[in-house]
$ cat work10.cif   # mmCIF, C-alpha atoms
data_final
loop_
_atom_site.label_atom_id
_atom_site.label_comp_id
_atom_site.auth_asym_id
_atom_site.auth_seq_id
_atom_site.Cartn_x
_atom_site.Cartn_y
_atom_site.Cartn_z
CA MET M 1 66.34 -84.66 4.81
CA ASN M 2 67.88 -86.28 1.77
CA VAL M 3 66.17 -89.12 -0.03
CA LEU M 4 67.58 -91.74 -2.37
CA SER M 5 65.28 -93.95 -4.36
CA GLY M 6 65.60 -96.62 -6.98
CA PRO M 7 65.71 -100.36 -7.57
CA SER M 8 67.99 -102.51 -5.48
CA SER M 9 70.23 -103.11 -8.47
CA ALA M 10 71.00 -99.38 -8.65
CA PHE M 11 72.60 -99.34 -5.21
CA PRO M 12 75.86 -100.93 -4.04
CA ASP M 13 75.44 -104.02 -1.87
CA HIS M 14 76.71 -102.28 1.24
CA PHE M 15 73.96 -99.67 0.94
CA ILE M 16 71.23 -102.30 0.83
CA GLN M 17 72.86 -103.94 3.85
CA GLN M 18 72.68 -100.59 5.67
CA VAL M 19 68.97 -100.41 4.84
CA ALA M 20 68.48 -103.98 6.08
CA ASN M 21 70.35 -103.17 9.28
CA TYR M 22 68.20 -100.07 9.79
CA ARG M 23 65.06 -102.15 9.27
CA HIS M 24 66.36 -104.68 11.80
CA ARG M 25 66.81 -101.93 14.39
CA VAL M 26 63.30 -100.58 13.74
CA PHE M 27 61.14 -103.63 13.20
CA ILE M 28 62.94 -106.32 15.21
CA GLU M 29 64.67 -104.43 18.00
CA LEU M 30 62.36 -101.44 18.52
CA LEU M 31 58.95 -102.79 17.57
CA GLY M 32 59.51 -106.45 18.40
CA TRP M 33 58.05 -107.79 15.16
CA GLN M 34 58.65 -111.48 14.73
CA MET M 35 60.11 -111.86 11.29
CA PRO M 36 62.78 -114.07 9.82
CA THR M 37 66.11 -112.31 9.99
CA ARG M 38 69.70 -112.89 9.24
CA GLU M 39 70.47 -112.49 12.92
CA ALA M 40 74.17 -113.03 12.75
CA LEU M 41 74.37 -109.93 10.60
CA ASP M 42 71.48 -108.00 12.19
CA LEU M 43 69.83 -107.71 8.79
CA GLU M 44 66.09 -107.74 8.17
CA LEU M 45 65.49 -109.00 4.66
CA ASP M 46 62.84 -111.28 3.22
CA GLN M 47 61.89 -112.92 -0.05
CA PHE M 48 60.52 -109.63 -1.37
CA ASP M 49 63.89 -107.90 -1.21
CA ARG M 50 64.91 -108.65 -4.77
CA ASP M 51 66.89 -107.02 -7.53
CA ASP M 52 63.76 -105.27 -8.79
CA THR M 53 62.61 -104.08 -5.37
CA VAL M 54 62.45 -100.30 -5.22
CA TYR M 55 63.72 -98.61 -2.07
CA VAL M 56 63.09 -95.10 -0.83
CA VAL M 57 65.65 -94.21 1.81
CA ALA M 58 66.02 -91.02 3.85
CA HIS M 59 69.30 -90.05 5.46
CA ASP M 60 70.76 -87.14 7.38
CA ALA M 61 73.68 -84.89 6.50
CA GLN M 62 76.10 -87.52 7.80
CA ARG M 63 74.46 -90.07 5.49
CA ARG M 64 72.98 -91.99 8.41
CA ILE M 65 69.68 -93.63 7.48
CA ASN M 66 66.65 -92.24 9.30
CA GLY M 67 63.79 -93.56 7.20
CA CYS M 68 62.95 -96.17 4.61
CA ALA M 69 60.18 -97.63 2.50
CA ARG M 70 59.88 -100.55 0.11
CA LEU M 71 57.91 -100.53 -3.12
CA LEU M 72 56.90 -103.64 -5.06
CA PRO M 73 54.85 -103.97 -8.23
CA THR M 74 51.77 -106.14 -7.79
CA THR M 75 52.58 -107.86 -11.05
CA ARG M 76 55.24 -109.86 -9.20
CA PRO M 77 55.05 -111.57 -5.80
CA TYR M 78 54.44 -109.08 -2.99
CA LEU M 79 53.78 -109.18 0.73
CA LEU M 80 50.00 -108.66 0.78
CA GLY M 81 49.32 -111.01 -2.09
CA GLU M 82 51.57 -113.80 -0.83
CA VAL M 83 51.26 -113.58 2.95
CA PHE M 84 48.18 -111.55 3.92
CA PRO M 85 45.51 -111.98 1.20
CA GLN M 86 42.93 -112.56 3.95
CA LEU M 87 43.06 -108.82 4.67
CA LEU M 88 41.37 -107.99 1.37
CA ASN M 89 37.81 -108.76 2.48
CA GLY M 90 37.40 -111.45 -0.14
CA LEU M 91 38.75 -109.58 -3.14
CA PRO M 92 41.60 -111.16 -5.10
CA PRO M 93 44.99 -109.49 -4.59
CA PRO M 94 45.55 -106.80 -7.21
CA CYS M 95 47.81 -107.66 -10.13
CA THR M 96 48.36 -104.63 -12.32
CA PRO M 97 51.21 -102.24 -13.10
CA GLU M 98 48.99 -99.43 -11.83
CA VAL M 99 49.00 -100.78 -8.26
CA TRP M 100 52.19 -100.96 -6.22
CA GLU M 101 52.66 -102.17 -2.67
CA LEU M 102 54.19 -99.99 0.02
CA SER M 103 55.80 -101.91 2.87
CA ARG M 104 58.50 -101.68 5.55
CA PHE M 105 57.76 -97.99 5.99
CA ALA M 106 59.64 -96.48 8.92
CA ALA M 107 60.92 -93.07 9.96
CA VAL M 108 62.93 -93.37 13.14
CA ASP M 109 65.97 -91.19 13.71
CA PHE M 110 68.28 -93.18 15.97
CA ASN M 111 70.76 -90.34 15.96
CA GLY M 112 68.56 -87.93 17.84
CA GLN M 113 68.42 -85.18 15.28
CA SER M 114 64.66 -85.19 15.08
CA ALA M 115 61.87 -85.98 17.49
CA VAL M 116 61.68 -89.68 18.30
CA GLY M 117 58.73 -91.30 20.01
CA ARG M 118 57.95 -94.91 20.64
CA GLY M 119 56.61 -95.93 17.29
CA GLN M 120 57.71 -96.43 13.78
CA PHE M 121 56.29 -93.09 12.63
CA SER M 122 57.55 -90.72 15.22
CA SER M 123 59.86 -88.25 13.59
CA ASP M 124 59.28 -85.06 11.69
CA ILE M 125 60.58 -86.71 8.51
CA THR M 126 57.68 -89.16 8.37
CA LEU M 127 55.29 -87.17 6.23
CA ALA M 128 57.99 -86.06 3.82
CA LEU M 129 59.23 -89.62 3.39
CA LEU M 130 55.73 -90.88 2.73
CA HIS M 131 55.19 -88.27 0.04
CA GLU M 132 58.57 -89.19 -1.48
CA ALA M 133 57.52 -92.84 -1.54
CA VAL M 134 54.24 -91.97 -3.23
CA ALA M 135 56.03 -89.83 -5.81
CA CYS M 136 58.53 -92.59 -6.47
CA ALA M 137 55.76 -95.13 -7.02
CA ALA M 138 54.00 -92.68 -9.34
CA SER M 139 57.19 -92.35 -11.38
CA TYR M 140 56.95 -96.09 -12.04
CA GLY M 141 53.38 -95.76 -13.25
CA ALA M 142 51.51 -96.45 -10.04
CA LYS M 143 48.09 -94.89 -9.66
CA ARG M 144 47.30 -96.50 -6.35
CA LEU M 145 49.24 -98.03 -3.48
CA ILE M 146 48.18 -100.96 -1.35
CA THR M 147 49.81 -101.57 2.00
CA VAL M 148 49.67 -103.92 4.98
CA SER M 149 50.09 -101.90 8.13
CA PRO M 150 49.35 -101.64 11.83
CA VAL M 151 46.05 -99.84 12.36
CA GLY M 152 47.89 -96.82 13.76
CA VAL M 153 49.10 -95.98 10.27
CA GLU M 154 45.69 -94.53 9.43
CA ARG M 155 46.36 -91.59 11.76
CA LEU M 156 49.53 -90.88 9.87
CA LEU M 157 47.75 -91.09 6.54
CA ARG M 158 45.14 -88.61 7.76
CA LYS M 159 47.91 -86.09 8.38
CA THR M 160 49.43 -86.43 4.94
CA GLY M 161 46.46 -85.24 2.96
CA LEU M 162 46.63 -88.42 0.90
CA ARG M 163 43.31 -90.10 0.14
CA SER M 164 43.20 -93.54 1.69
CA HIS M 165 40.66 -96.07 2.87
CA ARG M 166 40.60 -99.54 4.27
CA ALA M 167 40.58 -102.58 2.04
CA GLY M 168 38.99 -104.68 4.76
CA PRO M 169 38.69 -105.24 8.48
CA PRO M 170 41.79 -105.45 10.65
CA MET M 171 42.95 -108.83 11.89
CA VAL M 172 45.18 -109.60 14.84
CA ILE M 173 48.21 -111.39 13.44
CA ASP M 174 51.08 -112.34 15.76
CA GLY M 175 49.55 -110.09 18.37
CA HIS M 176 49.41 -107.01 16.14
CA PRO M 177 46.19 -105.59 14.64
CA LEU M 178 47.00 -105.34 10.95
CA PHE M 179 44.92 -104.13 8.04
CA ALA M 180 45.25 -103.50 4.34
CA CYS M 181 44.86 -99.97 3.08
CA TRP M 182 44.46 -98.31 -0.29
CA ILE M 183 46.26 -95.02 -0.97
CA GLU M 184 45.19 -93.03 -4.01
CA ILE M 185 47.89 -91.28 -6.01
CA GLU M 186 46.74 -87.97 -7.41
CA PRO M 187 47.90 -87.02 -10.91
CA GLY M 188 50.30 -84.37 -9.57
CA GLU M 189 52.18 -86.63 -7.18
CA ALA M 190 54.89 -87.82 -9.54
CA MET Y 191 37.17 -96.17 -10.17
CA LYS Y 192 33.91 -97.94 -9.43
CA GLN Y 193 33.85 -101.44 -10.74
CA PRO Y 194 31.37 -103.52 -8.79
CA VAL Y 195 32.38 -107.14 -8.65
CA LEU Y 196 29.64 -108.15 -6.25
CA PRO Y 197 26.89 -108.15 -4.67
CA THR Y 198 27.78 -111.45 -3.21
CA ALA Y 199 25.47 -114.35 -3.74
CA ALA Y 200 24.44 -114.20 -0.09
CA ALA Y 201 23.68 -110.50 -0.28
CA ALA Y 202 21.80 -110.93 -3.51
CA ARG Y 203 19.67 -113.70 -2.03
CA ALA Y 204 18.85 -111.50 0.92
CA GLY Y 205 18.05 -108.60 -1.36
CA LEU Y 206 20.66 -106.47 0.34
CA PRO Y 207 22.19 -103.81 -1.88
CA ILE Y 208 25.69 -104.20 -0.51
CA ALA Y 209 28.47 -104.29 -3.07
CA LEU Y 210 32.17 -104.96 -2.54
CA CYS Y 211 33.96 -103.15 -5.35
CA SER Y 212 37.40 -103.65 -6.83
CA ASP Y 213 38.62 -100.42 -5.25
CA GLY Y 214 38.04 -102.01 -1.85
CA TYR Y 215 35.01 -99.94 -0.92
CA VAL Y 216 31.83 -101.57 0.29
CA ARG Y 217 29.07 -99.51 -1.31
CA LEU Y 218 25.64 -99.29 0.22
CA ARG Y 219 22.92 -96.81 1.11
CA LEU Y 220 22.57 -95.24 4.51
CA PRO Y 221 19.32 -97.09 5.42
CA THR Y 222 21.07 -100.39 4.74
CA LEU Y 223 23.99 -99.38 6.93
CA LEU Y 224 21.68 -98.26 9.72
CA ALA Y 225 20.04 -101.68 9.72
CA LEU Y 226 23.36 -103.50 9.83
CA PRO Y 227 24.43 -104.80 13.25
CA LEU Y 228 27.95 -103.84 14.23
CA ALA Y 229 29.97 -106.18 16.44
CA HIS Y 230 32.91 -105.16 18.58
CA LEU Y 231 36.19 -106.49 17.22
CA LEU Y 232 38.89 -105.08 19.49
CA SER Y 233 39.83 -102.04 21.53
CA ASP Y 234 43.09 -100.94 23.06
CA LEU Y 235 44.80 -98.01 24.67
CA ASP Y 236 47.15 -95.86 22.68
CA ASP Y 237 50.78 -96.58 23.29
CA THR Y 238 51.79 -93.27 21.80
CA ALA Y 239 49.39 -90.96 23.65
CA GLU Y 240 51.06 -87.78 24.71
CA GLY Y 241 50.05 -85.55 27.54
CA VAL Y 242 48.43 -82.23 26.82
CA ARG Y 243 51.16 -79.84 27.76
CA GLY Y 244 50.44 -76.57 29.49
CA GLU Y 245 52.69 -73.80 30.72
CA ALA Y 246 53.52 -75.33 34.08
CA ALA Y 247 51.98 -78.77 34.16
CA VAL Y 248 51.34 -81.84 32.10
CA HIS Y 249 47.84 -83.24 31.91
CA SER Y 250 47.85 -86.94 31.18
CA ALA Y 251 45.23 -88.10 28.73
CA ILE Y 252 43.83 -91.61 28.48
CA GLY Y 253 42.69 -92.65 25.06
CA GLY Y 254 42.74 -95.40 22.55
CA TYR Y 255 41.07 -96.86 19.52
CA THR Y 256 38.26 -99.27 18.88
CA GLU Y 257 37.37 -101.48 15.95
CA TRP Y 258 33.91 -102.70 14.94
CA ILE Y 259 32.76 -104.95 12.17
CA GLY Y 260 29.55 -105.50 10.25
CA ALA Y 261 29.40 -109.17 9.42
CA GLY Y 262 29.80 -109.97 5.78
CA PRO Y 263 30.53 -110.91 3.21
CA PRO Y 264 31.38 -108.25 2.38
CA ALA Y 265 32.47 -107.13 5.83
CA ILE Y 266 32.07 -103.53 6.90
CA THR Y 267 34.92 -102.18 9.04
CA LEU Y 268 34.66 -99.14 11.28
CA GLY Y 269 37.33 -97.87 13.64
CA TRP Y 270 37.74 -94.64 15.55
CA ASP Y 271 39.80 -93.03 18.29
CA TRP Y 272 38.41 -92.13 21.69
CA ARG Y 273 39.54 -90.47 24.87
CA LEU Y 274 38.33 -90.65 28.43
CA ASP Y 275 36.43 -87.52 29.35
CA GLY Y 276 35.42 -86.65 32.89
CA ARG Y 277 34.12 -83.14 32.47
CA GLU Y 278 30.51 -84.13 33.03
CA GLY Y 279 31.28 -85.61 36.44
CA GLN Y 280 31.28 -89.19 35.23
CA PRO Y 281 34.15 -90.67 33.25
CA CYS Y 282 33.01 -91.62 29.78
CA CYS Y 283 34.52 -92.31 26.38
CA VAL Y 284 34.07 -89.77 23.63
CA ARG Y 285 34.95 -90.19 19.98
CA THR Y 286 37.88 -88.15 18.73
CA GLY Y 287 38.39 -87.73 15.03
CA PRO Y 288 36.42 -89.18 12.16
CA PRO Y 289 35.83 -92.92 11.77
CA ARG Y 290 38.04 -94.95 9.47
CA SER Y 291 36.34 -97.49 7.27
CA ASN Y 292 35.90 -99.25 3.96
CA VAL Y 293 32.42 -97.78 3.48
CA MET Y 294 31.32 -95.59 0.61
CA LEU Y 295 27.72 -94.51 1.00
CA CYS Y 296 25.65 -94.09 -2.14
CA ASP Y 297 22.46 -92.28 -3.03
CA ARG Y 298 19.33 -94.01 -4.27
CA HIS Y 299 20.70 -93.98 -7.81
CA GLY Y 300 23.92 -95.72 -6.80
CA ALA Y 301 26.12 -92.63 -7.06
CA ASP Y 302 28.83 -92.15 -4.43
CA LEU Y 303 28.12 -89.58 -1.75
CA GLY Y 304 31.86 -89.01 -1.55
CA ALA Y 305 34.47 -89.63 1.11
CA GLY Y 306 33.75 -86.44 3.04
CA LEU Y 307 30.00 -86.86 3.40
CA THR Y 308 30.36 -90.58 4.07
CA GLU Y 309 32.81 -89.80 6.83
CA ARG Y 310 30.44 -87.29 8.44
CA LEU Y 311 27.51 -89.70 8.28
CA LEU Y 312 29.59 -92.50 9.76
CA ALA Y 313 30.62 -90.18 12.58
CA ALA Y 314 26.96 -89.43 13.29
CA LEU Y 315 26.20 -93.14 13.24
CA VAL Y 316 28.94 -93.83 15.77
CA ASP Y 317 27.75 -91.05 18.03
CA VAL Y 318 24.19 -92.38 18.30
CA ARG Y 319 25.20 -95.96 18.97
CA PRO Y 320 26.03 -97.17 22.48
CA TRP Y 321 29.64 -98.28 22.16
CA GLN Y 322 31.22 -96.75 25.25
CA ASP Y 323 30.42 -99.50 27.77
CA THR Y 324 31.66 -102.18 25.41
CA VAL Y 325 34.95 -100.36 24.93
CA THR Y 326 35.57 -99.73 28.61
CA ALA Y 327 34.71 -103.36 29.42
CA ALA Y 328 37.10 -104.57 26.72
CA ILE Y 329 39.89 -102.33 28.00
CA ALA Y 330 39.29 -103.43 31.58
CA ALA Y 331 39.30 -107.09 30.61
CA ARG Y 332 42.41 -106.72 28.51
CA TYR Y 333 44.50 -105.02 31.14
CA ALA Y 334 43.10 -107.03 34.07
CA THR Y 335 44.23 -110.15 32.24
CA ARG Y 336 47.64 -108.68 31.59
CA GLY Y 337 48.04 -107.74 35.23
CA ALA Y 338 47.02 -111.15 36.58
#

$ encode --input "work10.cif" --output "structure tokens"
Amino acid sequence: MNVLSGPSSAFPDHFIQQVANYRHRVFIELLGWQMPTREALDLELDQFDRDDTVYVVAHDAQRRINGCARLLPTTRPYLLGEVFPQLLNGLPPPCTPEVWELSRFAAVDFNGQSAVGRGQFSSDITLALLHEAVACAASYGAKRLITVSPVGVERLLRKTGLRSHRAGPPMVIDGHPLFACWIEIEPGEA
Amino acid sequence: MKQPVLPTAAAARAGLPIALCSDGYVRLRLPTLLALPLAHLLSDLDDTAEGVRGEAAVHSAIGGYTEWIGAGPPAITLGWDWRLDGREGQPCCVRTGPPRSNVMLCDRHGADLGAGLTERLLAALVDVRPWQDTVTAAIAARYATRGA
């Protein structure tokens, strides 16, 4: 598995479009999430895909994307703070350079080179990609990650060895049980 | 990082030592947790359950997850996985894996017991509470409705 990471501005436009197309295949077509899309182009992008958005993207030897993650500083608008603050159990959304948000995490290999199940976390690249995302966030100064996820993500986090815990109770939103989760970044992760 | 921002006014009035902290943990002592009613929030079957594969056969397993909540503020959340077990002659749900939560149990001095011990105590709490019938009823209702 090869991983590229960096801010949107560091990548050519066509690469970000490939990421958006991959996200469309995962989240819209495979998982059936109802999100605004640029349907004519089969791109899944939202207001948090900005020039300063940091992407972590896995690809195979043929440079076909098989995993992605999105990192946002909580000092600027981010998904949890803007859209899902009710998942924080009454706490205000974090706003500090030491907390980054992890979102749009997926590891699905549409090219059949690794095991594929029915979910968004089904391949053998999942754990490696998650650790890469954590290391990338740490390189930007993050000490903790916050994420909005389906409840099934906790099983994945258990397998990684990362320390995580819920930020509050799950809520059913658009038919999906979602929750907010804290992930601690150990000093050696960067 | 333990930076209590509560107890909430309601908790303080009730004399309940329950504190929602800025790291997202709800900190409390075990006796307080034991006295806290837990309400069923939702349960569902796994959509990614895989059979237990043997040499010449596949044994299908039925399992899922369940979510419970202790009314707040601050709200306690507890969720765990379960599977249907029929080895005792009667099908019943058994917990698989440790509970997932936002709870950090503390000692009488307010010091954290730690994630590991908290997890083990929460598991023991789940195992002595009668949750199985509620889960099976919720699953039955959910899928009966879908099939209607």

$ atom_distance --input "work10.cif" --atom1 "atom CA of M:Val108" --atom2 "atom CA of M:Pro150"
16.0 Å

$ interface_residues --input "work10.cif" --of "chain Y" --to "chain M" --cutoff "10 Å" --atoms "all atoms listed in the file" --output "VMD selection string"
chain Y and resid 195 to 196 210 to 216 231 to 232 236 to 240 255 257 to 260 262 to 271 287 to 288 290 to 294 305

$ resolve_selection --input "work10.cif" --expression "the PyMOL selection byres ((chain M and resi 127) around 12)" --output "PyMOL selection string"
chain M and resi 1+58+67-68+105-107+121-126+128-134+153+155-162

$ resolve_selection --input "work10.cif" --expression "the PyMOL selection byres ((chain Y and resi 302) around 12)" --output "PyMOL selection string"
chain Y and resi 191-192+215-220+293-301+303-308

$ atom_distance --input "work10.cif" --atom1 "atom CA of Y:Ile252" --atom2 "atom CA of M:Leu178"
22.5 Å

$ atom_distance --input "work10.cif" --atom1 "atom CA of M:Ser5" --atom2 "atom CA of M:Ala69"
9.3 Å

$ residues_around --input "work10.cif" --residues "Y:Gly253" --least-positions-apart "3" --cutoff "7 Å" --atoms "only C-alpha atoms" --output "ChimeraX atom specification"
/Y:235-236,272-274

$ residues_near_point --input "work10.cif" --point "(47.8, -104.5, -7.5)" --cutoff "8 Å" --atoms "all atoms listed in the file" --output "PyMOL selection string"
chain M and resi 73-75+93-101+145-146

$ residues_around --input "work10.cif" --residues "M:Asp52" --least-positions-apart "5" --cutoff "10 Å" --atoms "all atoms listed in the file" --output "MDAnalysis selection string"
chainID M and resid 6:10 71:73 76

$ resolve_selection --input "work10.cif" --expression "the PyMOL selection byres ((chain Y and resi 312-324) around 6)" --output "PyMOL selection string"
chain Y and resi 283+288-289+309-311+325-327
